[in-house]
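Structure data follow from entry_20.cif (mmCIF, C-alpha atoms):
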```cif
data_coords
loop_
_atom_site.label_atom_id
_atom_site.label_comp_id
_atom_site.auth_asym_id
_atom_site.auth_seq_id
_atom_site.Cartn_x
_atom_site.Cartn_y
_atom_site.Cartn_z
CA MET A 4 -84.38 5.94 41.59
CA PRO A 5 -80.59 6.27 41.62
CA ASP A 6 -78.86 3.58 39.60
CA SER A 7 -79.31 0.38 41.49
CA ASN A 8 -77.30 -1.89 39.14
CA GLU A 9 -80.15 -4.32 38.71
CA LEU A 10 -80.45 -5.24 42.36
CA THR A 11 -84.09 -4.32 41.85
CA ASP A 12 -84.37 -7.40 39.66
CA LEU A 13 -83.85 -9.69 42.64
CA PRO A 14 -86.80 -12.01 42.99
CA LEU A 15 -89.27 -11.23 45.80
CA LEU A 16 -88.00 -7.69 46.36
CA PRO A 17 -90.92 -5.56 47.62
CA ARG A 18 -91.53 -3.13 44.75
CA ASP A 19 -94.02 -1.13 42.76
CA ASP A 20 -93.88 0.23 39.19
CA ASP A 21 -91.19 2.75 40.08
CA GLY A 22 -88.85 0.39 41.88
CA PRO A 23 -88.37 -0.99 45.38
CA VAL A 24 -90.59 0.15 48.23
CA PHE A 25 -89.55 0.54 51.84
CA ALA A 26 -91.59 0.61 55.02
CA GLU A 27 -88.86 2.37 57.03
CA PRO A 28 -85.88 4.64 56.34
CA TRP A 29 -83.43 2.00 57.63
CA GLN A 30 -84.61 -0.37 54.93
CA ALA A 31 -83.73 2.18 52.25
CA GLN A 32 -80.31 2.63 53.88
CA ALA A 33 -79.67 -1.09 54.04
CA PHE A 34 -80.67 -1.35 50.39
CA ALA A 35 -78.41 1.58 49.44
CA MET A 36 -75.41 0.02 51.20
CA VAL A 37 -75.66 -3.09 49.08
CA VAL A 38 -76.04 -0.97 45.94
CA GLU A 39 -72.84 0.88 46.82
CA LEU A 40 -70.85 -2.20 47.75
CA THR A 41 -71.80 -3.99 44.54
CA GLU A 42 -71.20 -0.91 42.37
CA ALA A 43 -67.73 -0.49 43.85
CA GLY A 44 -67.06 -4.16 43.19
CA THR A 45 -66.43 -4.80 46.90
CA LEU A 46 -69.20 -7.35 46.69
CA THR A 47 -70.36 -9.16 43.59
CA ARG A 48 -74.00 -9.57 42.73
CA GLU A 49 -73.63 -13.33 42.90
CA GLU A 50 -72.14 -13.19 46.41
CA TRP A 51 -74.99 -11.01 47.48
CA ALA A 52 -77.66 -13.22 45.94
CA ASP A 53 -76.11 -16.26 47.61
CA HIS A 54 -76.04 -14.69 51.06
CA LEU A 55 -79.51 -13.28 50.84
CA GLY A 56 -80.81 -16.58 49.53
CA ALA A 57 -79.16 -18.45 52.42
CA VAL A 58 -80.84 -16.24 55.03
CA PHE A 59 -84.19 -16.75 53.32
CA LYS A 60 -83.70 -20.51 53.35
CA GLU A 61 -82.94 -20.48 57.07
CA ALA A 62 -86.03 -18.43 57.74
CA GLU A 63 -88.05 -20.83 55.65
CA ALA A 64 -86.64 -23.78 57.60
CA ARG A 65 -87.77 -22.10 60.82
CA GLY A 66 -91.21 -21.67 59.30
CA GLU A 67 -90.77 -17.91 59.11
CA TYR A 68 -90.73 -17.53 55.37
CA ASP A 69 -92.27 -14.22 54.56
CA THR A 70 -91.44 -12.20 51.48
CA GLY A 71 -93.33 -9.12 52.64
CA GLN A 72 -92.62 -7.34 55.88
CA ARG A 73 -89.63 -9.47 56.88
CA TYR A 74 -87.80 -9.01 53.60
CA TYR A 75 -85.45 -6.30 54.83
CA ASP A 76 -84.91 -8.00 58.19
CA HIS A 77 -83.36 -10.83 56.19
CA TRP A 78 -81.59 -8.37 53.94
CA LEU A 79 -79.90 -6.74 56.95
CA THR A 80 -78.88 -10.08 58.45
CA ALA A 81 -77.36 -11.14 55.12
CA LEU A 82 -75.51 -7.82 54.83
CA GLU A 83 -73.99 -8.14 58.31
CA ARG A 84 -72.85 -11.66 57.56
CA VAL A 85 -71.30 -10.90 54.20
CA VAL A 86 -69.51 -7.86 55.60
CA VAL A 87 -67.97 -10.01 58.33
CA GLU A 88 -67.22 -12.93 56.03
CA LYS A 89 -65.36 -10.71 53.60
CA ASN A 90 -63.43 -9.11 56.47
CA LEU A 91 -64.82 -5.67 55.74
CA ALA A 92 -65.63 -5.38 59.44
CA GLY A 93 -65.68 -7.69 62.46
CA TRP A 94 -68.70 -8.72 64.50
CA GLU A 95 -67.05 -6.90 67.33
CA ASP A 96 -66.93 -3.62 65.40
CA LEU A 97 -70.59 -3.96 64.56
CA SER A 98 -71.80 -4.84 68.02
CA LYS A 99 -69.62 -2.16 69.64
CA GLU A 100 -71.01 0.43 67.28
CA GLY A 101 -74.56 -0.69 68.00
CA GLU A 102 -73.91 -0.56 71.75
CA SER A 103 -72.55 2.95 71.54
CA ILE A 104 -75.54 4.13 69.48
CA ARG A 105 -77.91 2.62 72.03
CA GLU A 106 -75.96 3.94 75.02
CA ASN A 107 -75.87 7.38 73.55
CA ASP A 108 -79.59 7.35 73.05
CA HIS A 109 -80.21 6.04 76.53
CA HIS A 110 -77.99 8.68 78.14
CA ASN A 111 -79.64 11.50 76.26
CA ARG A 112 -82.97 10.31 77.47
CA GLU A 113 -81.93 9.91 81.11
CA HIS A 114 -80.38 13.34 80.98
CA GLN A 115 -83.62 14.86 79.72
CA LEU A 116 -85.67 13.10 82.34
CA GLU A 117 -83.42 14.54 85.04
CA GLY A 118 -84.18 17.99 83.72
CA GLY A 119 -80.97 18.53 81.78
CA HIS A 120 -80.86 20.05 78.31
CA MET B 26 -108.31 21.46 83.38
CA ALA B 27 -109.41 18.62 81.14
CA ALA B 28 -107.68 15.27 81.28
CA THR B 29 -104.50 14.32 79.50
CA THR B 30 -104.31 10.72 78.40
CA VAL B 31 -101.18 8.90 77.31
CA VAL B 32 -101.89 5.89 75.16
CA ALA B 33 -99.16 3.31 74.62
CA GLY B 34 -99.06 2.10 71.06
CA VAL B 35 -99.96 -1.52 71.41
CA ALA B 36 -102.51 -3.00 69.05
CA ALA B 37 -105.65 -4.11 70.82
CA GLY B 38 -105.42 -7.62 72.17
CA THR B 39 -101.73 -8.04 71.49
CA ALA B 40 -100.23 -6.67 74.69
CA GLY B 41 -97.91 -8.87 76.73
CA ALA B 42 -95.59 -10.86 74.50
CA GLN B 43 -95.22 -7.76 72.34
CA GLY B 44 -92.33 -6.28 74.34
CA ALA B 45 -89.46 -8.43 73.12
CA GLU B 46 -90.63 -8.37 69.52
CA GLU B 47 -90.85 -4.59 69.62
CA TYR B 48 -87.30 -4.29 70.86
CA VAL B 49 -86.03 -6.52 68.12
CA GLN B 50 -87.87 -4.52 65.50
CA SER B 51 -86.58 -1.11 66.53
CA ASP B 52 -83.19 -2.77 66.79
CA TYR B 53 -83.02 -3.06 63.01
CA ALA B 54 -82.60 0.70 62.74
CA VAL B 55 -79.72 0.56 65.24
CA ARG B 56 -78.01 -2.31 63.41
CA THR B 57 -78.32 -0.45 60.12
CA LYS B 58 -76.92 2.71 61.66
CA GLY B 59 -74.02 0.67 63.05
CA LEU B 60 -73.22 -0.79 59.64
CA VAL B 61 -73.37 2.64 58.01
CA SER B 62 -70.93 4.08 60.61
CA VAL B 63 -68.45 1.21 60.43
CA LEU B 64 -68.46 1.00 56.62
CA THR B 65 -68.25 4.79 56.31
CA ARG B 66 -65.19 4.88 58.57
CA LYS B 67 -63.56 2.29 56.33
CA ASN B 68 -64.49 4.28 53.24
CA LEU B 69 -66.53 1.42 51.86
CA VAL B 70 -69.74 3.41 51.61
CA ASN B 71 -70.52 7.10 51.38
CA PRO B 72 -73.22 8.48 53.70
CA ALA B 73 -74.15 11.09 51.07
CA THR B 74 -75.15 8.29 48.71
CA MET B 75 -77.28 6.68 51.43
CA ASP B 76 -79.00 10.01 51.94
CA ALA B 77 -79.67 10.34 48.23
CA VAL B 78 -81.50 7.03 48.21
CA VAL B 79 -83.49 7.86 51.35
CA ASP B 80 -84.29 11.33 49.96
CA PHE B 81 -85.59 9.81 46.78
CA TYR B 82 -88.10 7.80 48.78
CA GLU B 83 -88.93 10.74 50.93
CA ASN B 84 -90.09 12.59 47.83
CA LYS B 85 -92.00 9.56 46.73
CA VAL B 86 -93.69 8.97 50.07
CA GLY B 87 -93.72 12.51 51.51
CA PRO B 88 -96.48 14.24 53.52
CA HIS B 89 -98.48 14.87 50.32
CA ILE B 90 -99.67 11.27 50.61
CA GLY B 91 -101.03 11.83 54.12
CA ALA B 92 -102.50 15.19 53.04
CA ARG B 93 -104.53 13.47 50.33
CA VAL B 94 -105.90 11.02 52.87
CA VAL B 95 -106.87 13.87 55.21
CA ALA B 96 -108.51 15.95 52.45
CA ARG B 97 -110.57 13.00 51.31
CA SER B 98 -111.64 12.28 54.89
CA TRP B 99 -112.97 15.87 55.08
CA VAL B 100 -115.20 15.55 52.03
CA ASP B 101 -116.17 11.88 52.21
CA PRO B 102 -117.79 10.95 55.54
CA ASP B 103 -117.95 7.27 54.64
CA TYR B 104 -114.21 7.19 53.90
CA ARG B 105 -113.58 9.01 57.17
CA GLN B 106 -115.56 6.42 59.12
CA ARG B 107 -113.71 3.56 57.47
CA LEU B 108 -110.38 5.24 58.20
CA LEU B 109 -111.20 5.70 61.87
CA ALA B 110 -112.43 2.12 62.14
CA ASP B 111 -109.58 0.35 60.31
CA ALA B 112 -107.00 2.60 58.68
CA ARG B 113 -104.75 -0.29 57.81
CA ALA B 114 -107.42 -1.89 55.66
CA VAL B 115 -108.07 1.42 53.88
CA ALA B 116 -104.34 1.92 53.28
CA ARG B 117 -104.18 -1.54 51.79
CA GLU B 118 -107.18 -0.86 49.52
CA ASP B 119 -105.64 2.44 48.41
CA ASP B 120 -102.39 0.65 47.75
CA LEU B 121 -100.33 2.91 49.98
CA THR B 122 -96.90 1.35 49.71
CA GLY B 123 -95.00 0.36 52.80
CA VAL B 124 -97.94 0.35 55.19
CA GLN B 125 -98.51 -3.38 55.05
CA GLY B 126 -95.99 -4.29 57.74
CA THR B 127 -97.34 -2.15 60.55
CA ASP B 128 -100.68 -1.30 62.02
CA LEU B 129 -101.97 2.17 61.23
CA VAL B 130 -104.38 4.07 63.44
CA VAL B 131 -106.05 7.29 62.34
CA LEU B 132 -107.23 9.77 64.99
CA GLU B 133 -109.46 12.79 64.49
CA ASN B 134 -108.96 16.14 66.17
CA THR B 135 -112.19 17.82 67.20
CA PRO B 136 -113.07 20.97 69.14
CA GLU B 137 -113.18 18.74 72.26
CA VAL B 138 -110.21 16.41 71.77
CA HIS B 139 -106.70 17.16 70.55
CA ASN B 140 -104.46 14.22 69.62
CA LEU B 141 -100.67 14.46 69.61
CA VAL B 142 -98.33 11.73 68.35
CA VAL B 143 -94.91 10.91 69.76
CA CYS B 144 -92.50 8.00 69.85
CA THR B 145 -90.87 7.89 73.27
CA LEU B 146 -88.80 4.82 72.31
CA CYS B 147 -87.10 6.10 69.17
CA SER B 148 -88.72 7.76 66.20
CA CYS B 149 -91.43 5.41 64.94
CA TYR B 150 -93.47 7.37 62.43
CA PRO B 151 -95.98 6.71 59.63
CA TRP B 152 -93.23 7.01 57.03
CA PRO B 153 -95.26 5.88 54.01
CA LEU B 154 -97.79 8.65 54.69
CA LEU B 155 -95.58 11.47 55.95
CA GLY B 156 -92.07 10.83 54.63
CA LEU B 157 -89.13 11.25 57.01
CA PRO B 158 -89.92 12.60 60.48
CA PRO B 159 -88.94 16.21 61.20
CA SER B 160 -85.84 16.56 63.37
CA TRP B 161 -87.83 17.82 66.38
CA TYR B 162 -89.83 14.57 66.34
CA LYS B 163 -86.60 12.60 66.88
CA ASP B 164 -85.36 15.05 69.49
CA THR B 165 -85.15 13.69 73.02
CA ALA B 166 -86.71 16.86 74.42
CA TYR B 167 -89.86 16.33 72.37
CA ARG B 168 -89.98 12.58 73.00
CA VAL B 169 -89.83 13.06 76.75
CA GLN B 170 -91.80 16.28 77.18
CA ALA B 171 -94.68 15.35 74.90
CA VAL B 172 -95.68 12.72 77.44
CA ILE B 173 -94.98 14.71 80.60
CA ASP B 174 -96.33 18.08 79.54
CA PRO B 175 -98.11 17.93 76.17
CA ARG B 176 -99.80 21.31 76.66
CA GLY B 177 -96.44 22.94 77.30
CA VAL B 178 -95.03 21.29 74.18
CA LEU B 179 -97.99 22.46 72.09
CA GLN B 180 -97.48 25.99 73.42
CA LYS B 181 -93.92 25.87 72.14
CA PHE B 182 -95.41 25.08 68.73
CA GLY B 183 -97.56 28.19 69.15
CA LEU B 184 -100.70 26.23 69.86
CA GLU B 185 -102.75 27.39 72.86
CA LEU B 186 -105.53 24.95 73.67
CA ASP B 187 -108.52 25.92 75.78
CA ASP B 188 -108.54 24.33 79.23
CA ASP B 189 -111.61 22.26 78.43
CA VAL B 190 -109.97 20.55 75.44
CA GLU B 191 -108.83 17.05 76.27
CA VAL B 192 -105.28 16.24 75.10
CA ARG B 193 -104.50 12.66 74.11
CA VAL B 194 -100.89 11.65 73.55
CA TRP B 195 -100.26 8.55 71.41
CA ASP B 196 -96.97 6.74 71.84
CA SER B 197 -95.95 5.03 68.58
CA THR B 198 -94.17 1.71 68.39
CA ALA B 199 -92.69 -0.51 65.75
CA GLU B 200 -96.15 -2.11 65.44
CA VAL B 201 -98.52 0.83 65.59
CA ARG B 202 -98.22 4.17 63.82
CA TYR B 203 -100.61 7.08 64.11
CA LEU B 204 -101.92 9.71 61.73
CA VAL B 205 -103.93 12.67 62.96
CA ILE B 206 -106.78 14.14 60.92
CA PRO B 207 -106.64 17.83 61.82
CA GLU B 208 -109.86 19.84 62.04
CA ARG B 209 -110.95 21.19 58.68
CA PRO B 210 -110.42 24.95 58.78
CA ALA B 211 -113.42 27.27 58.48
CA GLY B 212 -113.88 29.06 55.17
CA THR B 213 -112.93 26.06 53.04
CA GLU B 214 -116.46 24.94 52.14
CA GLY B 215 -116.18 25.63 48.40
CA MET B 216 -112.74 24.07 47.94
CA THR B 217 -111.97 20.96 45.92
CA GLU B 218 -110.29 17.93 47.43
CA ALA B 219 -107.00 18.84 45.74
CA GLN B 220 -107.14 22.40 47.06
CA LEU B 221 -107.88 21.08 50.53
CA ALA B 222 -104.92 18.70 50.36
CA ASP B 223 -102.65 21.68 49.73
CA LEU B 224 -103.74 23.19 53.06
CA VAL B 225 -102.77 20.13 55.11
CA THR B 226 -99.34 20.41 56.69
CA ARG B 227 -97.07 17.65 57.97
CA ASP B 228 -97.09 19.00 61.52
CA SER B 229 -100.89 19.11 61.60
CA MET B 230 -100.94 15.36 60.87
CA ILE B 231 -98.72 14.76 63.92
CA GLY B 232 -101.02 16.94 66.01
CA ALA B 233 -98.43 19.68 66.52
CA GLU B 234 -100.36 22.27 64.53
CA LYS B 235 -103.91 23.47 64.04
CA LEU B 236 -104.72 24.46 60.47
CA ALA B 237 -105.59 28.11 59.94
CA SER B 238 -108.32 29.28 57.60
CA PRO B 239 -106.94 30.16 54.17
CA ALA B 240 -106.21 33.88 53.78
#
```

Using structure tokens, write down the structure from this file.
Amino acid sequence: MPDSNELTDLPLLPRDDDGPVFAEPWQAQAFAMVVELTEAGTLTREEWADHLGAVFKEAEARGEYDTGQRYYDHWLTALERVVVEKNLAGWEDLSKEGESIRENDHHNREHQLEGGH
Amino acid sequence: MAATTVVAGVAAGTAGAQGAEEYVQSDYAVRTKGLVSVLTRKNLVNPATMDAVVDFYENKVGPHIGARVVARSWVDPDYRQRLLADARAVAREDDLTGVQGTDLVVLENTPEVHNLVVCTLCSCYPWPLLGLPPSWYKDTAYRVQAVIDPRGVLQKFGLELDDDVEVRVWDSTAEVRYLVIPERPAGTEGMTEAQLADLVTRDSMIGAEKLASPA
């Protein structure tokens, strides 16, 4: 596994003997983003642990505490929040980007259904 | 011509309220993609580094995992039955990483029935068993055409099915992923499980290929 600056030591992280395990490619990407941000010093490990911990606590308060399959859902939520909080990007940037990805996908599909290529 | 069936990937007994949940789940991939784009534009992350991490896991969880499952199902009828009955339980017993969050359904191709897997919504795929999906699997043309004209799609893959073979198309979702057990090729009777696993291709486990007899 590429150097993950000890993020793999985080408690509850889904892992096996070789390191973290992911159920989906996006989870590996979300993980990798945090590795990069902490390695570059843009985000400290403590900041990250705090944000991730906060999202877990909220989930727990809602009765949704689940360290298995929801782990990276929480991870992604924490990452979005910390990115916005540290002014690395605005909510607007993120939601606009998401919209355009979805739109793009939708258009491609409509186009295909209409017999386009 | 024999029937073509399209099966929506909803676990038995869970239809209905599933819709919203499913949207939210596939939404995670979009949110992640959005973050990657925005942070890349601001030079805060490097997409090549993301790819390196994803690649690492692809090698760890590539199609060789699925191939081992298929080979074992060819030589061990009891294992095959258990797989077809409850693949998720078998995956859990075998400690296949990453499968725990989603349901897994294993389908067998026979001389009478050919199964083909697609994800019309996005690109849901049994990642822990097959690694990253091939680019054609994510392609809109495949996602749309596999449901409308599966025989035509299979022809493009060079696979001509007899008219009396029934084609079943399985539409994956965030909750249910499918793995196809291709037919065991003739002339492989004396082979070991490991040798058999080497014959099993990624595309055959999606249903896009029929395995040829070894030369």

Item to complete: Give me the result of the PyMOL selection byres ((chain B and resi 86-92) around 12) on this file, residue by residue, as a ChimeraX atom specification.
Response: /A:24-28 /B:79-85,93-99,112,116,119-124,131,150-159,203-207,209,218-231

Discussion item. What would the selection look like, as an NGL selection string, if the PyMOL selection byres ((chain B and resi 140) around 12) were run on the coordinates I just shared?
Written reply: :B and (29-32 or 130-139 or 141-143 or 171-172 or 175-176 or 179 or 186 or 190-196 or 203-208 or 228-235)

Practice prompt. Spell out the residues picked by the PyMOL selection byres ((chain A and resi 43-59) around 8) here, as a ChimeraX atom specification.
Written response: /A:10,13,39-42,60-63,68,77-78,80-82,84-85 /B:69

Worksheet item: Using all atoms listed in the file, which of the listed residues (B:Thr165, B:Asn68, B:Thr145, B:Thr217) sits closest to chain A?
Response: B:Thr165

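Distance check against chain A using all atoms listed in the file: of B:Arg168, B:Glu185, B:Ser197, B:Arg107, the minimum falls on B:Arg168.
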
Worksheet entry | Between CA of Leu60 in chain B and CA of Glu83 in chain A - distance in Å to one decimal | 7.5 Å

Discussion item. For a test of reading the model, state the distance in Å between CA of Thr57 in chain B and CA of Cys144 in chain B, rounded to one decimal.
Written reply: 19.2 Å

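The space separating CA of Ala77 in chain B from CA of Gly59 in chain B comes to 18.6 Å.
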
Worksheet entry | Nearest to chain A, chosen from B:Val100, B:Val178, B:Val115, B:Ala166, with only C-alpha atoms counted in the distances |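 Closest to chain A, using only C-alpha atoms: B:Ala166.
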